[in-house]
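Heads up, final10.txt below (compact mmCIF, C-alpha atoms):
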# COMPACT_ATOMS: atom_id res chain seq x y z
CA MET J 1 -10.48 9.44 -18.19
CA ARG J 2 -6.93 10.70 -18.55
CA ILE J 3 -4.11 8.27 -19.17
CA LEU J 4 -0.72 8.94 -17.63
CA CYS J 5 2.36 8.57 -19.82
CA PHE J 6 5.47 6.81 -18.53
CA LEU J 7 9.22 6.84 -18.75
CA PHE J 8 10.86 3.42 -18.48
CA LEU J 9 14.25 3.79 -16.88
CA PHE J 10 15.44 0.26 -16.28
CA ASN J 11 14.91 -3.38 -17.10
CA TYR J 12 15.38 -6.31 -14.82
CA ALA J 13 18.87 -7.72 -15.26
CA LEU J 14 17.70 -11.30 -15.68
CA GLY J 15 15.49 -10.53 -18.63
CA PHE J 16 12.28 -10.09 -16.65
CA SER J 17 9.49 -9.19 -19.06
CA GLN J 18 9.20 -5.67 -20.40
CA SER J 19 5.91 -5.34 -18.50
CA ALA J 20 7.82 -5.13 -15.20
CA THR J 21 9.54 -1.87 -16.06
CA PHE J 22 8.29 1.13 -14.14
CA ASP J 23 9.12 4.66 -13.15
CA TYR J 24 8.47 6.85 -10.13
CA LEU J 25 7.46 9.94 -12.12
CA PRO J 26 5.07 10.38 -15.04
CA LYS J 27 6.58 11.64 -18.26
CA ASN J 28 4.01 14.42 -18.27
CA LYS J 29 4.68 15.44 -14.66
CA ASP J 30 4.23 19.15 -15.38
CA SER J 31 0.84 18.66 -17.01
CA VAL J 32 -0.26 16.44 -14.11
CA ILE J 33 0.63 19.21 -11.66
CA VAL J 34 -1.26 21.72 -13.82
CA TYR J 35 -4.25 19.35 -13.68
CA ILE J 36 -4.04 19.11 -9.88
CA ASP J 37 -3.87 22.90 -9.67
CA ALA J 38 -6.97 23.17 -11.86
CA ILE J 39 -9.09 20.65 -9.94
CA SER J 40 -8.07 22.28 -6.64
CA ASP J 41 -9.17 25.71 -7.87
CA LYS J 42 -12.41 24.16 -9.12
CA LYS J 43 -13.01 22.60 -5.72
CA ILE J 44 -12.42 25.90 -3.92
CA ARG J 45 -14.93 27.67 -6.18
CA LYS J 46 -17.49 24.93 -5.60
CA PHE J 47 -17.63 25.60 -1.87
CA GLY J 48 -18.36 29.28 -2.42
CA ASP J 49 -18.53 31.39 0.73
CA ASN J 50 -19.00 28.51 3.18
CA TYR J 51 -16.03 28.83 5.53
CA LYS J 52 -14.19 30.19 2.50
CA LYS J 53 -10.86 30.93 4.17
CA GLU J 54 -10.62 27.69 6.16
CA ILE J 55 -11.69 25.47 3.27
CA LYS J 56 -9.38 27.20 0.80
CA GLU J 57 -6.42 26.72 3.15
CA ASN J 58 -7.37 23.05 3.65
CA ILE J 59 -7.70 22.33 -0.08
CA LEU J 60 -4.47 24.13 -0.94
CA ASP J 61 -2.67 22.22 1.81
CA ARG J 62 -4.02 18.91 0.47
CA LYS J 63 -2.97 19.89 -3.04
CA GLN J 64 0.57 20.70 -1.93
CA ARG J 65 0.90 17.48 0.03
CA PHE J 66 -0.26 15.45 -2.96
CA ILE J 67 2.19 17.20 -5.28
CA GLU J 68 4.95 16.49 -2.78
CA LYS J 69 3.95 12.81 -2.81
CA ILE J 70 4.40 12.78 -6.58
CA LYS J 71 7.82 14.44 -6.32
CA ASP J 72 8.84 12.16 -3.44
CA SER J 73 8.29 9.00 -5.52
CA SER J 74 5.22 7.82 -3.62
CA PHE J 75 3.66 6.60 -6.85
CA VAL J 76 4.77 4.14 -9.50
CA PHE J 77 3.90 4.09 -13.18
CA ASN J 78 3.74 0.82 -15.06
CA ALA J 79 2.14 0.35 -18.48
CA GLU J 80 0.85 -3.19 -17.93
CA ILE J 81 -0.87 -2.43 -14.61
CA ASN J 82 -2.19 0.82 -16.05
CA ASN J 83 -3.69 -1.03 -19.04
CA TYR J 84 -5.18 -3.63 -16.72
CA LEU J 85 -6.84 -0.98 -14.54
CA ASN J 86 -8.07 0.86 -17.63
CA SER J 87 -9.76 -2.29 -18.91
CA ILE J 88 -11.70 -2.51 -15.65
CA LEU J 89 -12.46 1.20 -15.64
CA ASN J 90 -13.69 1.09 -19.23
CA GLU J 91 -16.10 -1.70 -18.37
CA ILE J 92 -17.43 0.36 -15.45
CA TYR J 93 -17.66 3.55 -17.54
CA ASN J 94 -19.29 1.86 -20.54
CA SER J 95 -21.88 0.22 -18.29
CA ASN J 96 -22.82 3.39 -16.39
CA GLN J 97 -23.46 7.08 -16.96
CA ILE J 98 -20.60 8.72 -15.03
CA THR J 99 -20.52 12.43 -15.86
CA ASP J 100 -17.00 13.38 -14.81
CA LYS J 101 -15.14 10.26 -15.93
CA GLN J 102 -13.04 12.20 -18.46
CA GLU J 103 -11.46 14.12 -15.58
CA PHE J 104 -10.54 11.08 -13.48
CA TYR J 105 -6.91 10.18 -12.74
CA PHE J 106 -6.00 6.89 -11.11
CA PHE J 107 -2.54 6.78 -9.50
CA LEU J 108 -0.69 3.67 -8.35
CA ASP J 109 0.56 4.24 -4.81
CA LYS J 110 3.57 2.06 -3.91
CA SER J 111 2.20 1.48 -0.39
CA GLN J 112 1.72 -2.16 0.65
CA ILE J 113 -1.42 -1.36 2.64
CA PRO J 114 -4.42 -2.89 0.82
CA ASN J 115 -6.31 0.28 0.01
CA ALA J 116 -7.95 2.37 -2.65
CA ALA J 117 -8.95 5.99 -2.09
CA CYS J 118 -11.07 8.76 -3.54
CA TYR J 119 -9.78 12.31 -3.00
CA GLY J 120 -13.09 13.85 -3.99
CA ASN J 121 -11.65 15.97 -6.78
CA GLY J 122 -11.26 13.40 -9.57
CA VAL J 123 -8.03 11.91 -8.21
CA PHE J 124 -8.09 8.28 -7.07
CA THR J 125 -5.31 6.07 -5.78
CA VAL J 126 -4.91 2.30 -5.84
CA ASN J 127 -2.20 0.88 -3.58
CA LEU J 128 0.08 -1.88 -4.82
CA GLY J 129 -0.78 -3.78 -1.65
CA LEU J 130 -4.40 -4.03 -2.74
CA PHE J 131 -3.48 -6.45 -5.53
CA ASN J 132 -2.31 -8.98 -2.94
CA PHE J 133 -5.76 -9.14 -1.35
CA VAL J 134 -8.11 -9.41 -4.31
CA ASN J 135 -8.69 -12.72 -6.02
CA SER J 136 -10.30 -11.63 -9.27
CA ASP J 137 -10.91 -8.72 -11.62
CA ASP J 138 -14.44 -8.68 -10.24
CA GLU J 139 -13.33 -7.99 -6.67
CA LEU J 140 -11.08 -5.16 -7.78
CA ALA J 141 -13.90 -3.76 -9.95
CA PHE J 142 -16.24 -3.57 -6.96
CA ILE J 143 -13.65 -1.74 -4.87
CA ILE J 144 -13.20 0.79 -7.69
CA CYS J 145 -16.99 1.17 -7.99
CA HIS J 146 -17.09 1.81 -4.23
CA GLU J 147 -14.52 4.63 -4.59
CA ILE J 148 -16.30 6.15 -7.60
CA ALA J 149 -19.49 6.10 -5.52
CA HIS J 150 -17.72 8.20 -2.88
CA TYR J 151 -17.00 10.75 -5.62
CA ILE J 152 -20.55 10.78 -7.01
CA LEU J 153 -22.03 11.13 -3.51
CA GLU J 154 -19.57 13.96 -2.74
CA HIS J 155 -18.61 12.35 0.56
CA ASN J 156 -15.25 14.11 0.68
CA ASP J 157 -16.87 17.54 0.22
CA LYS J 158 -19.60 16.84 2.76
CA SER J 159 -17.07 15.57 5.30
CA LEU J 160 -14.92 18.68 4.91
CA LEU J 161 -17.91 20.98 5.29
CA GLN J 162 -19.21 19.02 8.28
CA TYR J 163 -15.84 19.29 9.95
CA PHE J 164 -15.73 23.08 9.73
CA GLU J 165 -19.39 23.35 10.69
CA THR J 166 -18.68 21.25 13.77
CA VAL J 167 -15.50 22.96 14.96
CA ASN J 168 -17.11 26.37 14.40
CA SER J 169 -20.39 25.46 16.09
CA LYS J 170 -21.43 27.34 19.21
CA ASP J 171 -21.44 24.13 21.22
CA ILE J 172 -17.85 23.18 20.34
CA LYS J 173 -16.57 26.75 20.72
CA LYS J 174 -18.17 26.86 24.15
CA LYS J 175 -16.48 23.57 25.11
CA ILE J 176 -13.11 24.80 23.81
CA LYS J 177 -13.37 28.02 25.85
CA LYS J 178 -14.25 25.98 28.90
CA VAL J 179 -11.15 23.82 28.44
CA GLU J 180 -8.96 26.90 27.93
CA LYS J 181 -10.19 28.40 31.21
CA GLN J 182 -9.35 25.28 33.21
CA GLU J 183 -6.41 25.71 35.53
CA TYR J 184 -5.79 21.99 35.94
CA GLY J 185 -6.37 18.98 33.71
CA LYS J 186 -6.45 21.05 30.54
CA ARG J 187 -4.61 18.50 28.43
CA LYS J 188 -6.89 15.66 29.52
CA ALA J 189 -10.02 17.72 28.90
CA TYR J 190 -8.81 18.70 25.45
CA SER J 191 -8.01 15.06 24.64
CA GLU J 192 -11.51 14.00 25.73
CA LEU J 193 -13.04 16.69 23.53
CA MET J 194 -11.03 15.45 20.54
CA GLU J 195 -12.16 11.89 21.25
CA GLU J 196 -15.76 13.08 21.28
CA LEU J 197 -15.31 14.78 17.90
CA ASN J 198 -13.56 11.74 16.44
CA TYR J 199 -16.34 9.47 17.69
CA ASN J 200 -18.99 11.62 16.03
CA PHE J 201 -17.11 11.51 12.73
CA LEU J 202 -16.61 7.76 13.10
CA LYS J 203 -20.37 7.29 13.46
CA ARG J 204 -20.86 9.34 10.31
CA SER J 205 -18.28 7.26 8.43
CA GLN J 206 -20.29 4.08 9.04
CA SER J 207 -23.30 5.46 7.20
CA VAL J 208 -21.04 6.96 4.51
CA GLU J 209 -19.43 3.60 3.79
CA ILE J 210 -22.78 1.87 3.56
CA GLU J 211 -23.94 4.57 1.13
CA ALA J 212 -20.83 4.07 -1.00
CA ASP J 213 -21.36 0.29 -0.93
CA SER J 214 -24.97 0.71 -2.05
CA LEU J 215 -24.29 3.06 -4.95
CA GLY J 216 -21.09 1.18 -5.76
CA PHE J 217 -23.14 -2.00 -6.03
CA VAL J 218 -25.57 -0.31 -8.42
CA LEU J 219 -22.63 0.68 -10.64
CA PHE J 220 -21.11 -2.77 -10.24
CA LYS J 221 -24.18 -4.84 -11.10
CA ASN J 222 -24.50 -2.95 -14.41
CA THR J 223 -21.17 -4.41 -15.52
CA GLN J 224 -20.26 -7.87 -16.75
CA TYR J 225 -18.69 -8.76 -13.41
CA ASN J 226 -20.00 -11.28 -10.91
CA VAL J 227 -22.08 -9.49 -8.24
CA ALA J 228 -20.99 -12.00 -5.56
CA ALA J 229 -17.50 -10.47 -5.70
CA SER J 230 -18.81 -7.41 -3.85
CA THR J 231 -19.00 -9.31 -0.56
CA SER J 232 -15.89 -11.44 -1.08
CA SER J 233 -13.81 -8.32 -1.71
CA LEU J 234 -14.82 -6.83 1.65
CA LYS J 235 -14.22 -10.12 3.46
CA ASN J 236 -10.74 -10.40 1.96
CA LEU J 237 -9.86 -6.87 3.00
CA GLU J 238 -11.14 -7.46 6.51
CA LEU J 239 -8.77 -10.42 6.77
CA ALA J 240 -5.97 -8.26 5.32
CA ASP J 241 -5.94 -6.15 8.49
CA LYS J 242 -3.93 -8.92 10.15
CA ALA J 243 -2.01 -10.14 7.12
CA VAL J 244 0.06 -7.17 5.90
CA PHE J 245 3.70 -8.07 6.56
CA ASN J 246 2.65 -11.01 8.66
CA GLU J 247 3.18 -13.91 6.27
CA LYS J 248 5.81 -16.46 7.24
CA SER J 249 9.14 -15.91 5.49
CA ASN J 250 10.52 -19.39 6.32
CA LEU J 251 14.00 -18.03 7.03
CA SER J 252 15.35 -21.37 8.24
CA LYS J 253 14.37 -22.96 4.95
CA HIS J 254 16.02 -20.31 2.79
CA PHE J 255 19.30 -20.11 4.71
CA ASN J 256 19.97 -23.68 5.75
CA PHE J 257 22.94 -25.25 3.95
CA GLU J 258 24.73 -28.55 4.26
CA ASN J 259 28.06 -26.84 4.89
CA TYR J 260 26.56 -24.10 7.05
CA PRO J 261 23.30 -25.11 8.81
CA PHE J 262 20.81 -22.53 10.03
CA LYS J 263 21.48 -21.46 13.63
CA ASP J 264 18.69 -20.82 16.14
CA SER J 265 20.81 -18.07 17.66
CA TRP J 266 20.23 -15.99 14.52
CA LEU J 267 16.63 -15.57 15.65
CA GLN J 268 17.32 -15.09 19.35
CA LYS J 269 15.70 -11.91 20.62
CA ASP J 270 17.93 -9.17 21.94
CA GLU J 271 15.98 -6.67 24.02
CA THR J 272 18.49 -3.92 23.21
CA LEU J 273 17.33 -4.03 19.61
CA PHE J 274 13.79 -3.09 20.53
CA ASP J 275 12.66 0.51 20.20
CA LEU J 276 10.56 1.12 23.31
CA SER J 277 9.58 4.59 22.16
CA LYS J 278 7.28 3.22 19.47
CA LYS J 279 4.18 1.14 19.90
CA SER J 280 3.05 0.84 16.31
CA ASP J 281 3.71 -1.40 13.36
CA ASP J 282 5.72 -0.38 10.32
CA TYR J 283 2.51 -0.12 8.36
CA ILE J 284 -0.30 1.43 10.39
CA LYS J 285 -3.55 1.00 8.51
CA ASP J 286 -4.67 4.22 6.83
CA SER J 287 -7.84 5.60 8.40
CA ASP J 288 -9.29 5.95 4.91
CA SER J 289 -8.55 2.33 4.03
CA ILE J 290 -11.55 0.35 2.87
CA SER J 291 -10.19 -2.57 4.87
CA THR J 292 -10.42 -0.74 8.20
CA HIS J 293 -13.73 1.01 7.85
CA PRO J 294 -16.01 -0.01 10.72
CA ALA J 295 -18.69 -2.68 10.66
CA ILE J 296 -17.63 -4.67 7.59
CA PRO J 297 -19.85 -7.62 8.65
CA ILE J 298 -22.85 -5.25 8.65
CA ARG J 299 -21.87 -3.96 5.21
CA VAL J 300 -21.48 -7.50 3.91
CA ASP J 301 -24.97 -8.41 5.16
CA LYS J 302 -26.48 -5.39 3.41
CA LEU J 303 -24.73 -6.30 0.17
CA LYS J 304 -25.96 -9.89 0.44
CA ALA J 305 -29.52 -8.57 0.53
CA MET J 306 -28.85 -6.59 -2.65
CA ILE J 307 -27.23 -9.62 -4.32
CA SER J 308 -30.27 -11.78 -3.61
CA ASN J 309 -32.29 -9.46 -5.83
CA SER J 310 -29.76 -9.55 -8.66
CA ILE J 311 -29.25 -12.02 -11.48
CA PRO J 312 -26.03 -14.08 -11.00
CA GLN J 313 -23.48 -13.30 -13.65
CA LYS J 314 -20.52 -15.02 -15.23
CA SER J 315 -17.75 -16.70 -13.27
CA GLU J 316 -15.03 -14.42 -11.97
CA ASN J 317 -12.07 -13.63 -14.19
CA LYS J 318 -8.67 -14.35 -12.61
CA SER J 319 -6.32 -14.95 -15.54
CA ARG J 320 -5.13 -11.38 -16.07
CA LEU J 321 -4.90 -10.68 -12.36
CA SER J 322 -2.44 -13.56 -11.88
CA ALA J 323 0.01 -11.93 -14.29
CA ILE J 324 -0.51 -8.51 -12.68
CA LYS J 325 0.22 -9.92 -9.21
CA LYS J 326 3.65 -11.06 -10.44
CA ILE J 327 4.46 -7.63 -11.80
CA VAL J 328 3.29 -6.04 -8.55
CA ALA J 329 5.47 -8.46 -6.55
CA TYR J 330 8.59 -7.42 -8.43
CA ILE J 331 7.77 -3.69 -8.20
CA SER J 332 7.09 -3.93 -4.46
CA ILE J 333 10.49 -5.54 -3.83
CA LYS J 334 12.25 -3.04 -6.09
CA THR J 335 10.68 -0.04 -4.34
CA PHE J 336 12.04 -1.28 -1.00
CA ILE J 337 15.48 -1.78 -2.52
CA ASP J 338 15.40 1.72 -4.03
CA ALA J 339 14.39 3.11 -0.64
CA ASN J 340 17.33 1.28 1.01
CA LYS J 341 14.98 -0.72 3.23
CA ILE J 342 17.00 -3.92 3.39
CA ASP J 343 14.79 -5.72 5.90
CA LEU J 344 11.55 -5.03 4.02
CA ALA J 345 13.13 -5.92 0.68
CA LEU J 346 14.41 -9.26 2.00
CA TYR J 347 11.15 -10.08 3.74
CA GLN J 348 9.09 -9.22 0.67
CA CYS J 349 11.39 -11.21 -1.62
CA LEU J 350 11.19 -14.35 0.54
CA VAL J 351 7.41 -14.14 0.88
CA MET J 352 6.83 -13.41 -2.79
CA TYR J 353 9.03 -16.38 -3.72
CA ASN J 354 7.22 -18.63 -1.24
CA GLN J 355 3.96 -17.62 -2.92
CA GLN J 356 5.45 -18.27 -6.38
CA LEU J 357 4.93 -14.65 -7.42
CA ILE J 358 8.57 -14.29 -8.47
CA ASP J 359 10.66 -16.98 -10.15
CA LYS J 360 13.74 -18.61 -8.69
CA GLU J 361 16.18 -16.67 -10.89
CA MET J 362 14.84 -13.36 -9.64
CA TYR J 363 14.77 -14.61 -6.06
CA VAL J 364 18.41 -15.75 -6.20
CA ASP J 365 19.60 -12.55 -7.83
CA ILE J 366 17.82 -10.28 -5.32
CA VAL J 367 18.67 -12.26 -2.16
CA SER J 368 22.36 -12.57 -3.10
CA LYS J 369 22.57 -8.81 -3.69
CA LEU J 370 20.83 -8.08 -0.38
CA LEU J 371 23.27 -10.34 1.46
CA LYS J 372 26.16 -8.52 -0.19
CA LYS J 373 24.64 -5.17 0.79
CA THR J 374 24.14 -6.40 4.35
CA TYR J 375 27.81 -7.35 4.62
CA GLU J 376 28.98 -4.00 3.24
CA LEU J 377 26.74 -2.03 5.62
CA LYS J 378 27.78 -4.04 8.67
CA GLU J 379 31.43 -3.69 7.72
CA ALA J 380 30.99 0.08 7.42
CA HIS J 381 29.04 0.19 10.72
CA THR J 382 26.09 1.85 8.98
CA PHE J 383 23.71 -1.12 9.06
CA GLY J 384 21.38 0.47 11.62
CA ARG J 385 20.48 3.23 9.17
CA PHE J 386 18.91 0.74 6.77
CA VAL J 387 17.29 -1.81 9.06
CA SER J 388 14.99 -0.41 11.71
CA PRO J 389 14.70 -1.96 15.17
CA MET J 390 11.76 -4.14 16.19
CA TYR J 391 8.87 -2.62 18.09
CA PRO J 392 7.84 -4.64 21.16
CA PHE J 393 4.14 -3.89 20.65
CA SER J 394 4.14 -4.73 16.97
CA ASP J 395 1.91 -7.46 15.56
CA GLU J 396 4.25 -7.93 12.59
CA VAL J 397 5.79 -11.06 14.05
CA HIS J 398 7.30 -12.44 10.86
CA LEU J 399 8.70 -9.14 9.63
CA ASN J 400 10.26 -8.66 13.06
CA GLU J 401 11.82 -12.12 12.70
CA VAL J 402 13.59 -11.02 9.50
CA LYS J 403 14.78 -7.85 11.24
CA GLN J 404 16.03 -9.90 14.19
CA PHE J 405 17.84 -12.27 11.82
CA LEU J 406 19.62 -9.43 10.02
CA HIS J 407 20.54 -7.63 13.24
CA ASN J 408 21.88 -10.81 14.88
CA LEU J 409 24.18 -11.82 12.02
CA GLU J 410 27.85 -11.16 12.59
CA LEU J 411 30.13 -10.40 9.65
CA LYS J 412 31.52 -13.91 9.55
CA SER J 413 28.00 -15.34 9.40
CA VAL J 414 26.97 -13.01 6.58
CA ARG J 415 29.96 -13.92 4.45
CA LYS J 416 29.40 -17.66 4.99
CA ILE J 417 25.65 -17.44 4.34
CA GLY J 418 26.34 -15.33 1.24
CA LEU J 419 28.86 -17.80 -0.15
CA ASN J 420 26.75 -20.89 0.55
CA PHE J 421 23.63 -19.28 -0.87
CA CYS J 422 25.46 -18.35 -4.08
CA LEU J 423 27.13 -21.75 -4.44
CA PHE J 424 23.86 -23.59 -3.81
CA ASN J 425 22.19 -21.63 -6.61
CA GLU J 426 25.22 -21.19 -8.87
CA ASN J 427 24.02 -23.48 -11.66
CA LEU J 428 20.75 -21.59 -11.91
CA ILE J 429 22.04 -18.18 -12.98
CA LYS J 430 25.81 -18.62 -13.14
CA GLU J 431 26.02 -16.86 -16.51
CA THR J 432 24.53 -13.62 -15.17
CA ILE J 433 27.20 -10.94 -14.79
CA ASP J 434 25.72 -9.45 -11.60
CA PHE J 435 25.51 -12.86 -9.98
CA LYS J 436 29.08 -13.72 -11.02
CA ASN J 437 30.27 -10.53 -9.35
CA THR J 438 28.33 -11.28 -6.18
CA LEU J 439 29.64 -14.84 -6.07
CA GLN J 440 33.20 -13.59 -6.57
CA PHE J 441 32.67 -11.04 -3.80
CA PHE J 442 31.79 -13.77 -1.29
CA GLN J 443 34.49 -16.13 -2.55
CA ASN J 444 37.09 -13.41 -1.90
CA LEU J 445 35.75 -13.08 1.66
CA ASN J 446 36.01 -16.85 2.19
CA PRO J 447 39.51 -17.85 1.03
This structure in structure tokens:
Amino acid sequence: MRILCFLFLFNYALGFSQSATFDYLPKNKDSVIVYIDAISDKKIRKFGDNYKKEIKENILDRKQRFIEKIKDSSFVFNAEINNYLNSILNEIYNSNQITDKQEFYFFLDKSQIPNAACYGNGVFTVNLGLFNFVNSDDELAFIICHEIAHYILEHNDKSLLQYFETVNSKDIKKKIKKVEKQEYGKRKAYSELMEELNYNFLKRSQSVEIEADSLGFVLFKNTQYNVAASTSSLKNLELADKAVFNEKSNLSKHFNFENYPFKDSWLQKDETLFDLSKKSDDYIKDSDSISTHPAIPIRVDKLKAMISNSIPQKSENKSRLSAIKKIVAYISIKTFIDANKIDLALYQCLVMYNQQLIDKEMYVDIVSKLLKKTYELKEAHTFGRFVSPMYPFSDEVHLNEVKQFLHNLELKSVRKIGLNFCLFNENLIKETIDFKNTLQFFQNLNP
């Protein structure tokens, strides 16, 4: 198992613990890229002459896209989370014979989708969003065992080979030629053919996931963790399909002041703000996400049968995870701020504070700065670049509410909300330089 090194570039202004520092690039970025080059070449050689050209192009394309993700700050590097994951990995490794474990890399993806993934070449990713939907070390350990099982069973390799075998089969080639010869309805026929292919691969994925669950459970039950967490982890992730960015933010509670009460008009829908060209949510679930794999109830039932034949183990460990969730909460907010996503940063900050994952000092500091940024962007008429419109077909009701709130606010409302928010919380962090500057900013706007 290789451990990534980190550069720590900033600390939280309010003295947030050192464990919350993170970076978007590993200190040893060059060696990581060399490693990715090496495992890609190894993967190409493994396939041999089977569809050599097509598979080589596919693997090289995947490699390049992954390297671009590293360079584009898709991953975050934090020592405390890394140490936490390593403690779980070490328990799994020490309890099982895993041949290639020394070549494994686990990256932290900043995505809020609850997901973990195996790339089939020794690279694994764990999304920050996953930490919000596991309740113990045990649940996270099972999910990691599930992904390691995918690697051991070579599911990625088999899927790639099956794909090229299918698209190059006589039957599919014959169907493609038939579509190409059609004078009318060619697009519809091609779409139906793609749906047929996707359905066949979907049917395969059901058996693949059950296989990964089964081997993952074998790895998992060899550890010190509680076997019952295998089913609870899947149930939690099934529920997560409807919960990502759909927690109540309680806007009216956060921005209701004695001198400036919350106005219902701030949440009034304006149809002109809706983007009718899009029908999706901000965060479409990844097709490789463990939470969206088909037939989770069936998988849970199969795991229950395996659990019944296992000896119950110790109670689940939650103490370390609680601390990690707080670090993840801060990092998730900061990544949105760094990406200039004002709506997502505000929404995440309010929700994380509601859930007591960030303290009041951090909440006040972040919200006051976001209100200041909102005023500056609206004044410069550039606000639309940083807060996307709502999508009428989106299920993210509560995120859309925050977007609507920000879009509806006029300059005079922003400056009054900003001032009242700062004054209401002044005694809490009044000695902080950044907060003093923000308070002074709003006081100057409200003579």
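Here atom CA of Lys56 of chain J is placed at a distance of 5.8 Å from atom CA of Ile44 of chain J.
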Å distance separating atom CA of Val414 of chain J from atom CA of Phe383 of chain J, one decimal place: 12.6 Å
Please list, as number ranges by chain, the residues that have an atom at most 9 Å away from (4.5, 13.6, -9.9) in the coordinates of this file, counting only C-alpha atoms. J: 24-30, 32-33, 66-75
Do a neighbour search on segment 132-144 of chain J at 8 Å with all atoms listed in the file, toss out local chain neighbours closer than 6 positions, and write the hits as a PDB file with C-alpha atoms, in the frame of the given file.
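Output file out-v1.pdb follows:
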ATOM      1  CA  ILE J  88     -11.700  -2.510 -15.650  1.00  0.00           C
ATOM      2  CA  LEU J  89     -12.460   1.200 -15.640  1.00  0.00           C
ATOM      3  CA  ILE J  92     -17.430   0.360 -15.450  1.00  0.00           C
ATOM      4  CA  PRO J 114      -4.420  -2.890   0.820  1.00  0.00           C
ATOM      5  CA  ALA J 116      -7.950   2.370  -2.650  1.00  0.00           C
ATOM      6  CA  GLY J 216     -21.090   1.180  -5.760  1.00  0.00           C
ATOM      7  CA  PHE J 217     -23.140  -2.000  -6.030  1.00  0.00           C
ATOM      8  CA  PHE J 220     -21.110  -2.770 -10.240  1.00  0.00           C
ATOM      9  CA  TYR J 225     -18.690  -8.760 -13.410  1.00  0.00           C
ATOM     10  CA  ASN J 226     -20.000 -11.280 -10.910  1.00  0.00           C
ATOM     11  CA  VAL J 227     -22.080  -9.490  -8.240  1.00  0.00           C
ATOM     12  CA  ALA J 229     -17.500 -10.470  -5.700  1.00  0.00           C
ATOM     13  CA  SER J 230     -18.810  -7.410  -3.850  1.00  0.00           C
ATOM     14  CA  SER J 232     -15.890 -11.440  -1.080  1.00  0.00           C
ATOM     15  CA  SER J 233     -13.810  -8.320  -1.710  1.00  0.00           C
ATOM     16  CA  ASN J 236     -10.740 -10.400   1.960  1.00  0.00           C
ATOM     17  CA  LEU J 237      -9.860  -6.870   3.000  1.00  0.00           C
ATOM     18  CA  ALA J 240      -5.970  -8.260   5.320  1.00  0.00           C
ATOM     19  CA  GLU J 316     -15.030 -14.420 -11.970  1.00  0.00           C
ATOM     20  CA  ASN J 317     -12.070 -13.630 -14.190  1.00  0.00           C
ATOM     21  CA  LYS J 318      -8.670 -14.350 -12.610  1.00  0.00           C
ATOM     22  CA  ARG J 320      -5.130 -11.380 -16.070  1.00  0.00           C
ATOM     23  CA  LEU J 321      -4.900 -10.680 -12.360  1.00  0.00           C
ATOM     24  CA  LYS J 325       0.220  -9.920  -9.210  1.00  0.00           C
TER      25      LYS J 325
END
Would you compute the distance between atom CA of Gln355 of chain J and atom CA of Gln112 of chain J? Give it in Å to one decimal.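 If I compute the distance from atom CA of Gln355 of chain J to atom CA of Gln112 of chain J, I get 16.0 Å.
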Between J:Lys158, J:Lys253, J:Lys235, J:Lys436, single out the one closest to Arg299 of chain J, counting only C-alpha atoms.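 Closest residue, counting only C-alpha atoms: J:Lys235.
Using only C-alpha atoms for every distance, the candidate list J:Phe421, J:Phe405, J:Phe442, J:Phe77 yields J:Phe442 as the residue closest to Tyr375 of chain J.
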List the neighbours of Asp343 of chain J out to 9 Å using only C-alpha atoms; skip same-chain residues closer than 3 positions along the sequence, and give me the result as a list of chain:residue names. J:Phe336, J:Asn340, J:Leu346, J:Tyr347, J:Gln348, J:Phe386, J:Val387, J:Ser388, J:Leu399, J:Asn400, J:Val402, J:Lys403, J:Leu406
Based on the selection just made, write C-alpha atoms of those residues as a PDB file, keeping the file's coordinate frame.
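Output file again.pdb follows:
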ATOM      1  CA  PHE J 336      12.040  -1.280  -1.000  1.00  0.00           C
ATOM      2  CA  ASN J 340      17.330   1.280   1.010  1.00  0.00           C
ATOM      3  CA  LEU J 346      14.410  -9.260   2.000  1.00  0.00           C
ATOM      4  CA  TYR J 347      11.150 -10.080   3.740  1.00  0.00           C
ATOM      5  CA  GLN J 348       9.090  -9.220   0.670  1.00  0.00           C
ATOM      6  CA  PHE J 386      18.910   0.740   6.770  1.00  0.00           C
ATOM      7  CA  VAL J 387      17.290  -1.810   9.060  1.00  0.00           C
ATOM      8  CA  SER J 388      14.990  -0.410  11.710  1.00  0.00           C
ATOM      9  CA  LEU J 399       8.700  -9.140   9.630  1.00  0.00           C
ATOM     10  CA  ASN J 400      10.260  -8.660  13.060  1.00  0.00           C
ATOM     11  CA  VAL J 402      13.590 -11.020   9.500  1.00  0.00           C
ATOM     12  CA  LYS J 403      14.780  -7.850  11.240  1.00  0.00           C
ATOM     13  CA  LEU J 406      19.620  -9.430  10.020  1.00  0.00           C
TER      14      LEU J 406
END
Repair of segment 141-145 of chain J at the level of N, CA and C atoms, as a compact mmCIF listing (two decimals), in the coordinates of the input:
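Resulting contents of selection.txt:
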# COMPACT_ATOMS: atom_id res chain seq x y z
N ALA J 141 -12.90 -4.62 -9.31
CA ALA J 141 -13.90 -3.76 -9.95
C ALA J 141 -14.89 -3.22 -8.92
N PHE J 142 -15.30 -4.07 -7.97
CA PHE J 142 -16.24 -3.57 -6.96
C PHE J 142 -15.59 -2.50 -6.09
N ILE J 143 -14.34 -2.72 -5.70
CA ILE J 143 -13.65 -1.74 -4.87
C ILE J 143 -13.55 -0.40 -5.60
N ILE J 144 -13.26 -0.44 -6.90
CA ILE J 144 -13.20 0.79 -7.69
C ILE J 144 -14.58 1.44 -7.78
N CYS J 145 -15.62 0.63 -7.96
CA CYS J 145 -16.99 1.17 -7.99
C CYS J 145 -17.32 1.85 -6.66
